[in-house]
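Shown next: entry-v3.cif, containing mmCIF, C-alpha atoms.
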```cif
data_structure
#
loop_
_atom_site.label_atom_id
_atom_site.label_comp_id
_atom_site.auth_asym_id
_atom_site.auth_seq_id
_atom_site.Cartn_x
_atom_site.Cartn_y
_atom_site.Cartn_z
CA MET A 28 -17.49 -36.75 -22.50
CA LEU A 29 -16.57 -34.02 -19.99
CA LEU A 30 -14.76 -32.06 -22.66
CA GLU A 31 -17.82 -32.26 -24.88
CA LEU A 32 -19.99 -31.06 -22.01
CA VAL A 33 -17.65 -28.10 -21.38
CA ARG A 34 -17.53 -27.28 -25.08
CA ARG A 35 -21.30 -27.36 -25.34
CA ASN A 36 -21.84 -25.17 -22.27
CA PHE A 37 -18.78 -22.94 -22.72
CA ARG A 38 -20.85 -19.74 -22.95
CA THR A 39 -22.30 -20.36 -19.50
CA LEU A 40 -19.34 -22.07 -17.85
CA PHE A 41 -16.66 -19.55 -18.78
CA PRO A 42 -18.28 -16.46 -17.15
CA ALA A 43 -19.30 -18.60 -14.16
CA ALA A 44 -15.68 -19.78 -13.83
CA LEU A 45 -14.45 -16.17 -13.90
CA LEU A 46 -16.89 -15.26 -11.13
CA LEU A 47 -15.73 -18.26 -9.12
CA VAL A 48 -12.07 -17.24 -9.57
CA SER A 49 -12.75 -13.67 -8.44
CA LEU A 50 -14.78 -14.87 -5.43
CA THR A 51 -11.99 -17.27 -4.49
CA LEU A 52 -9.42 -14.47 -4.78
CA LEU A 53 -11.62 -12.26 -2.62
CA SER A 54 -12.07 -14.95 0.03
CA PHE A 55 -8.39 -15.85 0.20
CA GLY A 56 -7.34 -12.19 0.06
CA SER A 57 -9.47 -11.36 3.08
CA TYR A 58 -8.63 -14.34 5.27
CA SER A 59 -5.10 -15.40 4.41
CA ARG A 60 -2.16 -13.02 4.87
CA ARG A 61 -0.11 -15.04 2.37
CA PHE A 62 -2.57 -14.12 -0.36
CA GLN A 63 -2.51 -10.47 0.64
CA ARG A 64 1.09 -10.18 -0.57
CA PRO A 65 1.00 -8.62 -4.06
CA SER A 66 1.97 -11.06 -6.81
CA PHE A 67 4.84 -10.50 -9.24
CA PHE A 68 2.29 -9.66 -11.92
CA SER A 69 0.61 -7.05 -9.68
CA ARG A 70 3.98 -5.44 -8.96
CA ALA A 71 4.80 -5.34 -12.69
CA VAL A 72 1.44 -3.74 -13.53
CA LEU A 73 1.86 -1.26 -10.66
CA THR A 74 5.32 -0.32 -11.97
CA ALA A 75 3.94 0.23 -15.48
CA ILE A 76 1.01 2.27 -14.17
CA GLY A 77 3.39 4.26 -11.94
CA PHE A 78 5.45 5.26 -14.97
CA PHE A 79 2.38 6.72 -16.72
CA GLU A 80 1.09 8.34 -13.52
CA ASP A 81 4.48 9.96 -12.98
CA THR A 82 4.49 11.31 -16.54
CA VAL A 83 0.96 12.75 -16.29
CA SER A 84 1.53 14.16 -12.79
CA GLY A 85 4.86 15.64 -13.90
CA SER A 86 3.18 17.41 -16.83
CA GLY A 87 0.45 18.66 -14.51
CA ARG A 88 3.03 19.94 -12.02
CA GLY A 89 4.91 21.67 -14.85
CA LEU A 90 1.78 23.47 -16.01
CA ARG A 91 0.85 24.41 -12.45
CA ASP A 92 4.36 25.73 -11.76
CA LEU A 93 4.24 27.76 -14.96
CA GLY A 94 0.99 29.30 -13.76
CA ARG A 95 2.36 29.94 -10.29
CA HIS A 96 5.74 31.32 -11.34
CA TYR A 97 5.02 33.38 -14.41
CA LEU A 98 1.34 34.02 -14.89
CA VAL A 99 -0.06 34.71 -11.44
CA LEU A 100 2.14 37.54 -10.15
CA VAL A 101 -0.68 39.68 -8.78
CA GLY A 102 -0.09 40.54 -5.14
CA VAL A 103 3.44 39.17 -5.06
CA GLN A 104 4.93 42.41 -3.72
CA GLU A 105 2.46 42.53 -0.83
CA GLU A 106 3.04 38.84 -0.12
CA ASN A 107 6.80 39.42 -0.22
CA ARG A 108 6.53 42.17 2.38
CA ARG A 109 4.40 39.99 4.63
CA LEU A 110 6.78 37.04 4.27
CA ARG A 111 9.79 39.21 5.13
CA ALA A 112 8.06 40.31 8.33
CA GLU A 113 7.22 36.68 9.12
CA LEU A 114 10.81 35.64 8.41
CA SER A 115 12.15 38.24 10.86
CA ALA A 116 9.76 36.99 13.53
CA CYS A 117 10.75 33.38 12.80
CA GLN A 118 14.45 34.23 13.00
CA ARG A 119 13.95 35.85 16.41
CA ARG A 120 12.02 32.77 17.54
CA ASN A 121 14.68 30.50 16.04
CA TYR A 122 17.45 32.17 18.11
CA SER A 123 15.42 31.68 21.25
CA LEU A 124 14.60 28.05 20.41
CA THR A 125 18.23 27.27 19.53
CA GLU A 126 19.22 28.52 22.95
CA GLN A 127 16.55 26.34 24.53
CA ALA A 128 17.63 23.32 22.45
CA ILE A 129 21.24 23.72 23.57
CA GLU A 130 20.10 23.99 27.16
CA ASN A 131 17.78 21.00 26.71
CA ASP A 132 20.60 18.97 25.16
CA ARG A 133 22.88 19.77 28.10
CA LEU A 134 20.19 18.84 30.62
CA ARG A 135 19.38 15.59 28.74
CA ARG A 136 23.05 14.64 28.80
CA LEU A 137 23.10 15.36 32.49
CA LEU A 138 20.11 13.04 32.92
CA ASN A 139 21.58 10.40 30.54
CA PHE A 140 18.61 10.60 28.13
CA ARG A 141 18.94 9.32 24.57
CA LEU A 142 18.46 12.16 22.11
CA GLN A 143 15.69 11.66 19.57
CA ASP A 144 17.22 10.79 16.21
CA GLU A 145 17.28 13.43 13.54
CA ILE A 146 15.79 12.12 10.30
CA LYS A 147 18.72 11.67 7.93
CA ASP A 148 18.02 8.38 6.17
CA TYR A 149 14.81 9.41 4.40
CA VAL A 150 13.80 9.01 0.75
CA PRO A 151 12.09 12.09 -0.75
CA ALA A 152 9.13 11.25 -2.99
CA GLN A 153 6.42 12.93 -5.00
CA VAL A 154 2.74 12.06 -4.93
CA ILE A 155 1.77 10.89 -8.43
CA GLY A 156 -1.69 9.44 -7.89
CA GLN A 157 -4.49 8.84 -5.46
CA ASP A 158 -7.39 6.49 -5.03
CA LEU A 159 -10.86 7.79 -5.82
CA SER A 160 -12.93 4.73 -4.97
CA GLY A 161 -14.57 6.47 -2.01
CA ILE A 162 -13.89 3.49 0.24
CA ASN A 163 -10.10 3.38 0.60
CA ARG A 164 -7.64 6.17 1.27
CA THR A 165 -4.32 5.59 -0.48
CA ILE A 166 -1.84 7.59 -2.55
CA THR A 167 0.80 6.48 -5.04
CA ILE A 168 4.34 7.90 -4.80
CA ASN A 169 7.10 7.86 -7.41
CA LYS A 170 9.57 5.75 -5.42
CA GLY A 171 9.67 1.95 -5.30
CA SER A 172 11.84 -1.01 -4.40
CA SER A 173 14.65 0.16 -6.71
CA ASP A 174 14.88 3.37 -4.63
CA GLY A 175 15.15 1.46 -1.38
CA ILE A 176 11.48 1.39 -0.44
CA ARG A 177 10.75 -1.59 1.80
CA PRO A 178 7.72 -2.80 3.79
CA ARG A 179 7.11 -1.18 7.20
CA MET A 180 8.35 2.26 6.21
CA ALA A 181 6.69 5.43 7.46
CA VAL A 182 5.58 8.28 5.21
CA ILE A 183 5.56 11.81 6.62
CA THR A 184 5.45 15.39 5.33
CA TYR A 185 8.53 17.64 5.41
CA ASP A 186 7.35 19.08 8.74
CA SER A 187 7.10 15.51 10.14
CA ALA A 188 3.29 15.24 10.08
CA LEU A 189 2.13 11.62 9.77
CA VAL A 190 0.87 10.69 6.30
CA GLY A 191 0.76 6.90 6.25
CA GLN A 192 2.71 3.68 5.98
CA ILE A 193 3.98 1.25 3.36
CA LEU A 194 3.08 -2.33 4.23
CA ASP A 195 3.48 -4.22 0.92
CA GLU A 196 0.14 -5.98 1.11
CA ALA A 197 -3.24 -5.43 -0.51
CA GLY A 198 -3.80 -1.69 -0.27
CA SER A 199 -0.12 -0.83 -0.05
CA ALA A 200 1.85 -2.63 -2.75
CA ILE A 201 5.43 -1.82 -3.73
CA GLY A 202 6.39 -1.67 -7.42
CA ALA A 203 9.88 -1.17 -8.86
CA HIS A 204 9.55 2.60 -9.33
CA SER A 205 6.34 3.43 -7.48
CA CYS A 206 4.41 2.28 -4.45
CA GLN A 207 1.08 2.74 -2.70
CA VAL A 208 0.89 4.39 0.71
CA LEU A 209 -1.88 3.48 3.16
CA LEU A 210 -2.96 6.85 4.59
CA ILE A 211 -3.73 7.24 8.29
CA THR A 212 -7.32 8.12 7.29
CA ASP A 213 -7.83 4.67 5.68
CA ARG A 214 -10.08 2.41 7.74
CA ARG A 215 -7.37 -0.30 7.76
CA SER A 216 -4.75 2.01 9.30
CA ARG A 217 -3.79 1.81 12.99
CA VAL A 218 -1.15 4.03 14.66
CA ASP A 219 -0.18 4.09 18.34
CA VAL A 220 -0.24 7.72 19.57
CA ALA A 221 -0.06 9.77 22.75
CA VAL A 222 -1.30 13.22 23.75
CA GLN A 223 1.65 15.62 23.58
CA ARG A 224 0.56 17.76 26.56
CA PRO A 225 2.90 16.79 29.44
CA GLU A 226 0.10 16.79 32.06
CA SER A 227 -1.90 14.24 30.06
CA ARG A 228 0.30 11.89 27.95
CA ALA A 229 -2.83 9.73 27.40
CA LYS A 230 -2.30 6.92 24.90
CA GLY A 231 -4.53 5.29 22.33
CA ILE A 232 -4.77 3.84 18.83
CA LEU A 233 -5.46 6.16 15.93
CA ALA A 234 -7.84 4.55 13.43
CA GLY A 235 -9.00 5.94 10.08
CA ARG A 236 -12.58 7.10 9.45
CA PRO A 237 -12.61 7.77 5.68
CA GLU A 238 -16.34 8.52 5.67
CA ARG A 239 -15.65 11.74 7.59
CA GLU A 240 -12.07 12.48 6.42
CA GLU A 241 -11.11 12.18 10.08
CA VAL A 242 -9.32 9.76 12.34
CA GLU A 243 -10.55 8.45 15.66
CA LEU A 244 -8.61 7.77 18.84
CA LEU A 245 -9.56 4.32 20.12
CA TYR A 246 -8.96 2.60 23.45
CA ALA A 247 -7.87 5.70 25.40
CA ASP A 248 -8.39 5.34 29.14
CA ARG A 249 -11.86 6.52 30.20
CA LEU A 250 -10.35 8.67 32.95
CA SER A 251 -7.54 10.07 30.80
CA ASP A 252 -7.24 13.81 30.38
CA ILE A 253 -7.92 14.48 26.69
CA ARG A 254 -9.15 17.91 25.64
CA GLN A 255 -10.26 19.59 22.45
CA GLY A 256 -7.21 21.05 20.67
CA ASP A 257 -4.72 18.54 22.14
CA LEU A 258 -1.99 17.49 19.72
CA LEU A 259 -1.53 13.73 19.28
CA VAL A 260 1.97 12.49 18.44
CA SER A 261 3.24 9.03 17.51
CA SER A 262 4.27 7.10 20.61
CA GLY A 263 7.06 5.16 18.89
CA TYR A 264 5.49 1.75 19.67
CA GLY A 265 5.32 -0.67 16.75
CA GLY A 266 8.50 0.62 15.19
CA ILE A 267 7.08 2.11 11.99
CA PHE A 268 6.54 5.68 13.20
CA ARG A 269 9.24 7.21 15.35
CA LYS A 270 8.33 8.91 18.62
CA GLY A 271 7.03 12.47 18.59
CA TRP A 272 5.74 12.92 15.04
CA PRO A 273 2.51 14.97 15.01
CA ALA A 274 -0.53 12.98 13.86
CA GLY A 275 -3.60 15.11 14.53
CA ARG A 276 -5.50 17.53 16.72
CA VAL A 277 -8.44 16.53 18.89
CA VAL A 278 -11.64 18.15 17.61
CA GLU A 279 -14.21 16.44 19.81
CA VAL A 280 -14.28 14.29 22.96
CA ARG A 281 -17.48 12.41 23.79
CA HIS A 282 -18.11 10.05 26.68
CA GLN A 283 -20.67 7.36 25.86
CA PRO A 284 -22.11 5.08 28.55
CA ASP A 285 -21.92 1.98 26.32
CA LEU A 286 -18.21 2.35 25.56
CA PHE A 287 -15.25 1.66 27.81
CA TYR A 288 -13.27 4.43 26.16
CA PRO A 289 -14.19 7.99 25.16
CA ARG A 290 -14.97 8.73 21.49
CA VAL A 291 -12.24 11.10 20.41
CA LEU A 292 -12.43 12.57 16.90
CA VAL A 293 -9.16 13.83 15.49
CA GLU A 294 -8.32 16.07 12.54
CA PRO A 295 -5.07 14.96 10.85
CA VAL A 296 -2.22 17.49 10.82
CA ALA A 297 -1.24 16.60 7.23
CA GLN A 298 -3.37 18.24 4.56
CA PHE A 299 -4.02 15.23 2.34
CA SER A 300 -5.78 17.16 -0.41
CA GLN A 301 -2.72 19.40 -0.91
CA LEU A 302 -0.07 16.71 -0.53
CA GLU A 303 2.61 16.90 -3.24
CA GLU A 304 5.92 15.85 -1.68
CA VAL A 305 6.54 13.42 1.17
CA MET A 306 9.43 11.75 3.01
CA VAL A 307 9.68 7.97 3.32
CA VAL A 308 11.46 7.04 6.54
CA PRO A 309 12.69 3.53 7.41
CA ALA A 310 11.70 1.90 10.67
CA GLU A 311 13.99 2.52 13.62
CA ALA A 312 16.89 0.10 14.07
CA GLY A 313 15.98 -2.70 16.42
CA TYR A 314 12.50 -3.30 15.03
CA MET B 4 -7.85 -8.67 -31.20
CA ARG B 5 -8.07 -4.97 -32.04
CA ALA B 6 -10.92 -4.60 -29.57
CA TRP B 7 -8.83 -6.20 -26.80
CA VAL B 8 -5.79 -4.02 -27.44
CA GLY B 9 -8.00 -0.92 -27.75
CA LEU B 10 -9.76 -1.70 -24.49
CA PHE B 11 -6.47 -2.36 -22.66
CA VAL B 12 -4.92 0.93 -23.84
CA ALA B 13 -8.13 2.85 -23.09
CA ALA B 14 -8.40 1.26 -19.61
CA LEU B 15 -4.81 2.13 -18.79
CA ALA B 16 -5.26 5.71 -20.01
CA VAL B 17 -8.55 6.11 -18.12
CA GLY B 18 -7.07 4.62 -14.92
CA VAL B 19 -4.07 6.95 -15.03
CA LEU B 20 -6.30 9.94 -15.83
CA GLN B 21 -8.53 9.00 -12.93
CA ALA B 22 -5.68 8.68 -10.42
CA THR B 23 -3.94 11.91 -11.46
CA VAL B 24 -5.95 14.63 -13.21
CA LEU B 25 -9.45 13.66 -11.98
CA ALA B 26 -8.13 13.19 -8.45
CA ARG B 27 -6.99 16.84 -8.50
CA LEU B 28 -9.96 18.31 -10.38
CA GLY B 29 -12.79 16.18 -9.00
CA GLY B 30 -11.60 16.52 -5.42
CA PHE B 31 -13.85 14.45 -3.19
CA LEU B 32 -16.33 13.23 -5.86
CA PRO B 33 -15.64 9.50 -6.34
CA LEU B 34 -15.95 9.44 -10.14
CA ASN B 35 -14.99 6.09 -11.63
CA LEU B 36 -14.49 6.07 -15.38
CA LEU B 37 -13.32 2.44 -15.37
CA LEU B 38 -16.76 1.53 -14.02
CA VAL B 39 -18.39 3.39 -16.93
CA MET B 40 -16.20 1.29 -19.24
CA ALA B 41 -17.29 -1.92 -17.52
CA VAL B 42 -20.95 -0.91 -17.86
CA LEU B 43 -20.44 -0.15 -21.56
CA VAL B 44 -18.75 -3.53 -22.08
CA GLY B 45 -21.79 -5.12 -20.43
CA LEU B 46 -24.13 -3.28 -22.78
CA GLN B 47 -22.15 -3.94 -25.97
CA ARG B 48 -20.16 -7.19 -25.80
CA ASP B 49 -21.24 -10.83 -25.74
CA LEU B 50 -21.24 -12.93 -22.58
CA VAL B 51 -17.90 -14.73 -23.01
CA SER B 52 -15.53 -12.01 -24.28
CA GLY B 53 -17.32 -9.33 -22.24
CA ALA B 54 -16.90 -11.28 -19.01
CA ALA B 55 -13.18 -11.67 -19.69
CA MET B 56 -12.87 -7.94 -20.42
CA VAL B 57 -14.74 -6.94 -17.26
CA PHE B 58 -12.62 -9.40 -15.26
CA GLY B 59 -9.50 -7.55 -16.49
CA LEU B 60 -11.04 -4.13 -15.82
CA GLY B 61 -11.95 -5.24 -12.29
CA TYR B 62 -8.37 -6.38 -11.72
CA LEU B 63 -7.08 -2.96 -12.84
CA GLN B 64 -9.58 -1.20 -10.58
CA ASP B 65 -8.49 -3.35 -7.61
CA LEU B 66 -4.92 -2.26 -8.29
CA PHE B 67 -5.76 1.42 -8.75
CA SER B 68 -8.06 1.60 -5.74
CA ALA B 69 -5.79 -0.50 -3.47
CA SER B 70 -8.66 -2.81 -2.57
CA ILE B 71 -8.40 -6.44 -1.52
CA PRO B 72 -7.84 -8.54 -4.68
CA GLY B 73 -11.09 -9.69 -6.21
CA LEU B 74 -13.39 -7.05 -4.71
CA HIS B 75 -14.06 -5.10 -7.90
CA MET B 76 -13.60 -8.19 -10.11
CA THR B 77 -16.54 -9.85 -8.34
CA ALA B 78 -18.71 -6.73 -8.13
CA TRP B 79 -18.14 -5.79 -11.75
CA LEU B 80 -18.77 -9.32 -13.05
CA LEU B 81 -22.12 -9.30 -11.24
CA ILE B 82 -22.87 -5.87 -12.75
CA PHE B 83 -21.85 -7.23 -16.15
CA PHE B 84 -24.28 -10.16 -15.86
CA LEU B 85 -27.03 -7.76 -14.86
CA ALA B 86 -26.21 -5.51 -17.83
CA GLN B 87 -26.47 -8.55 -20.12
CA VAL B 88 -29.93 -9.31 -18.77
CA ALA B 89 -31.01 -5.66 -18.78
CA ARG B 90 -29.99 -5.04 -22.38
CA VAL B 91 -32.24 -7.84 -23.57
CA ARG B 92 -35.25 -6.37 -21.78
CA LEU B 93 -34.37 -2.70 -22.34
CA SER B 94 -32.58 -2.11 -25.64
CA PRO B 95 -29.82 0.45 -25.01
CA ASP B 96 -30.22 2.25 -28.35
CA SER B 97 -31.51 5.60 -27.15
CA PRO B 98 -29.41 7.97 -24.97
CA PHE B 99 -32.18 7.97 -22.35
CA THR B 100 -32.08 4.17 -21.95
CA GLN B 101 -28.30 4.27 -21.82
CA PHE B 102 -28.49 6.93 -19.08
CA LEU B 103 -31.08 4.94 -17.15
CA LEU B 104 -29.11 1.69 -17.35
CA GLY B 105 -25.89 3.56 -16.48
CA LEU B 106 -27.52 5.08 -13.39
CA LEU B 107 -29.00 1.77 -12.25
CA LEU B 108 -25.77 -0.19 -12.74
CA CYS B 109 -23.45 2.48 -11.22
CA ALA B 110 -25.66 2.85 -8.14
CA LEU B 111 -25.87 -0.92 -7.81
CA GLU B 112 -22.09 -1.26 -8.12
CA GLN B 113 -21.56 1.08 -5.15
CA THR B 114 -24.03 -0.98 -3.10
CA LEU B 115 -22.36 -4.25 -4.14
CA VAL B 116 -18.86 -3.00 -3.26
CA VAL B 117 -20.06 -1.90 0.18
CA LEU B 118 -21.84 -5.23 0.72
CA LEU B 119 -18.83 -7.30 -0.41
CA SER B 120 -16.51 -5.17 1.74
CA ARG B 121 -18.80 -5.81 4.72
CA VAL B 122 -18.70 -9.56 4.11
CA PHE B 123 -15.06 -10.05 3.09
CA ALA B 124 -13.16 -7.08 4.53
CA GLU B 125 -13.60 -4.55 7.31
CA PRO B 126 -17.07 -3.01 7.66
CA VAL B 127 -17.60 0.14 5.64
CA THR B 128 -19.89 2.79 7.07
CA PHE B 129 -21.22 5.76 5.16
CA VAL B 130 -22.53 9.04 6.48
CA SER B 131 -25.33 10.89 4.71
CA ARG B 132 -22.91 13.42 3.15
CA GLN B 133 -20.90 10.61 1.60
CA LEU B 134 -24.03 8.81 0.40
CA GLY B 135 -25.05 12.07 -1.30
CA LEU B 136 -21.64 12.29 -2.99
CA ILE B 137 -21.93 8.71 -4.20
CA GLY B 138 -25.38 9.54 -5.58
CA VAL B 139 -24.03 12.59 -7.42
CA ALA B 140 -21.11 10.53 -8.75
CA ALA B 141 -23.53 7.84 -9.99
CA LEU B 142 -25.55 10.54 -11.76
CA VAL B 143 -22.42 12.00 -13.41
CA MET B 144 -21.23 8.55 -14.47
CA ALA B 145 -24.71 7.76 -15.83
CA ALA B 146 -24.60 11.02 -17.82
CA LEU B 147 -21.22 9.93 -19.25
CA THR B 148 -22.64 6.58 -20.40
CA PRO B 149 -24.57 7.90 -23.48
CA LEU B 150 -21.63 10.21 -24.29
CA PHE B 151 -19.11 7.38 -24.41
CA TYR B 152 -21.53 4.79 -25.87
CA PRO B 153 -20.82 5.48 -29.60
CA LEU B 154 -17.09 5.79 -28.93
CA PHE B 155 -17.00 2.44 -27.18
CA ASN B 156 -19.15 0.88 -29.85
CA ARG B 157 -16.35 1.65 -32.30
CA LEU B 158 -13.65 0.54 -29.87
CA LEU B 159 -15.30 -2.72 -28.84
CA ASN B 160 -16.70 -3.59 -32.26
CA PRO B 161 -13.98 -2.50 -34.77
CA ASP B 162 -15.72 -4.31 -37.64
CA TYR B 163 -18.93 -2.37 -37.03
CA ARG B 164 -18.08 0.35 -39.56
CA ARG B 165 -16.90 -2.06 -42.24
CA ARG B 166 -20.17 -3.98 -42.22
#
```

Output the structure of this file as structure tokens.
Amino acid sequence: MLLELVRRNFRTLFPAALLLVSLTLLSFGSYSRRFQRPSFFSRAVLTAIGFFEDTVSGSGRGLRDLGRHYLVLVGVQEENRRLRAELSACQRRNYSLTEQAIENDRLRRLLNFRLQDEIKDYVPAQVIGQDLSGINRTITINKGSSDGIRPRMAVITYDSALVGQILDEAGSAIGAHSCQVLLITDRRSRVDVAVQRPESRAKGILAGRPEREEVELLYADRLSDIRQGDLLVSSGYGGIFRKGWPAGRVVEVRHQPDLFYPRVLVEPVAQFSQLEEVMVVPAEAGY
Amino acid sequence: MRAWVGLFVAALAVGVLQATVLARLGGFLPLNLLLVMAVLVGLQRDLVSGAAMVFGLGYLQDLFSASIPGLHMTAWLLIFFLAQVARVRLSPDSPFTQFLLGLLLCALEQTLVVLLSRVFAEPVTFVSRQLGLIGVAALVMAALTPLFYPLFNRLLNPDYRRR
């Protein structure tokens, strides 16, 4: 009887059932953390997609490198001269900074401070894809679980600028040879940061604002000293991002009477549109 | 069967192209070729097989766009149902009708995704610049609809030429 009813109304029931399934997935995905974990099937599809993305990105990189290395040589001599001058200036600065580092090290030892870890245990990765939905901000990199990528890993540029984090949930799934990185500009991203300037050291939570390609500093103390141009660095709380990594520069500070904290707009240090290579860094021991 | 395999391969190729080449060339314009495919399925396939195809396309889009599972599946199924209704009232035989339906459905999809995100995920806010970009993207995607229409007609209806 029921089977006959289903058979007779199959054309209506089947699409309705699909809509019901997708709505159920959506509801569970948004309210239950257990359902936010990517399924085995999702990981397999992500791995397959990652392979193709890597191939296409690799070909694109090859063509771009060919253009850069062999075809566009106009102005190279001038650029070379400028770079040599810059290198000399950097070397002079490097000598001075090395001296200061040695002195700093000695003074830290005297004060019994723990030296900040040098990043040695990182996994280098290449960006092979990015999301274009206009709502989320994620990238895909060519390293996955088989390369040692695990949940709660930080992703930074080679000059330590914060890029994002790998969480292994909806929006940041890990495949076998590729994974998705939740950028700090995504609206779901939260990073604990502090103002680097020693006189301020104000703290707050950095939250993504994808609609403006910016991030916003939330919950900073209303009386805290935050100024335009201040550099925000990761505070080390939470264990994903180590202490002292640059996150962004303050572009605007606004005090609004209806808010307990100032509205602080921040421009990320990492240039997301030009991102090609990144470093994946595991969480600090103890977290 | 050929239509299913063809659609799967095309969807995979379009998704990869979108995440790699288009992401570099298009820059900030949120062009979504998988959505154009879903609209074309809605205009060309029957209710049962089309719904299953759009369900699969929505799943792929959720994976590619790192959204919460089910967001694009739901939005695209609703768009598909609307396309089924619209094609009865407005026959999509001329390029102008295809463009018009493409524009309507693409713009509606953006609205639906924002609404569903507001209900089921974190609230999404748009500034006027971004709304303008979405409008331009909807126009470009609508312009692609009549261009891809004959191609998809062959892909989704392989027996079409034999008849």

Of the candidates A:Ser251, A:Gln301, A:Ser86, A:Thr165, which one gets nearest to Ala22 in chain B if we count all atoms listed in the file?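 Using all atoms listed in the file, Ala22 in chain B sits closest to A:Thr165.
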
Name the residues captured by the PyMOL selection byres ((chain A) within 9 of (chain B)) when it is applied to the shown file; answer as an MDAnalysis selection string. chainID A and resid 37:39 41:42 45:58 62:63 65 69 72:73 76:77 79:81 83:84 87 155:167 196:200 207 209 214:215 236:239 300

Report the residues retrieved by the PyMOL selection byres ((chain B and resi 87-91) around 12) from the displayed file, expressed as a PyMOL selection string. (chain A and resi 42) or (chain B and resi 41-51+53-54+80-86+92-97+100-101+103-105+107-108)

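For the set A:Pro309, A:Phe78, A:Leu90, A:Arg70, the residue with the smallest atom-to-atom gap to Asp195 in chain A is A:Arg70, counting all atoms listed in the file.
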
Picked residues, the PyMOL selection byres ((chain A and resi 233) around 8), expected as a list in words: Ile211, Ser216, Arg217, Val218, Asp219, Val220, Gly231, Ile232, Ala234, Gly235, Val242, Glu243, Leu244 and Leu245 of chain A

What is the distance between CA of Ala181 in chain A and CA of Ile267 in chain A, in Å to one decimal?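 Rounded to one decimal, the two atoms are 5.6 Å apart.
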
List the spatial neighbours of Val150 in chain A as a list in words - criterion: any atom at most 12 Å away, only C-alpha atoms, same-chain residues fewer than 2 positions off excluded.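 Near Val150 in chain A, the qualifying residues are Ile146, Lys147, Asp148, Ala152, Gln153, Ile168, Asn169, Lys170, Gly171, Ser172, Ser173, Asp174, Gly175, Ile176, Arg177, Met180, Ala181, Val182, Ile183, Thr184, Tyr185, Glu304, Val305, Met306, Val307, Val308 and Pro309 of chain A.
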
When you look at Met40 in chain B with a cut-off of 9 Å (counting all atoms listed in the file), what residues show up, excluding the ones that are within fewer than 6 positions of it in the same chain? I need them as an NGL selection string. :B and (10 or 14 or 57 or 60 or 148 or 151 or 155)

Output C-alpha atoms for every residue in the selection just made, as a CSV table (one decimal), in the coordinates of the input.
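Wrote out09.csv, looks like this:
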```
chain,number,residue,atom,x,y,z
B,10,LEU,CA,-9.8,-1.7,-24.5
B,14,ALA,CA,-8.4,1.3,-19.6
B,57,VAL,CA,-14.7,-6.9,-17.3
B,60,LEU,CA,-11.0,-4.1,-15.8
B,148,THR,CA,-22.6,6.6,-20.4
B,151,PHE,CA,-19.1,7.4,-24.4
B,155,PHE,CA,-17.0,2.4,-27.2
```

Between CA of Pro273 in chain A and CA of Ser187 in chain A, what is the distance in Å, rounded to a tenth?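 The value is 6.7 Å.
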
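From CA of Asp213 in chain A back to CA of Gly265 in chain A, the distance works out to 18.0 Å.
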
Draw an axis-aligned box tight on the listed atoms of range 278-290 of chain A, then pad every side by 8 Å and write out centre and edge lengths in Å to one decimal as AutoDock Vina command-line options.
```
--center_x -16.9 --center_y 9.9 --center_z 23.1 --size_x 26.5 --size_y 32.5 --size_z 26.9
```

Select, from A:Leu114, A:Ile253, A:Leu302, A:Val208, the residue with the minimum atom-to-atom distance to Arg290 in chain A, counting only C-alpha atoms.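 Ranked by minimum distance to Arg290 in chain A, first place goes to A:Ile253.
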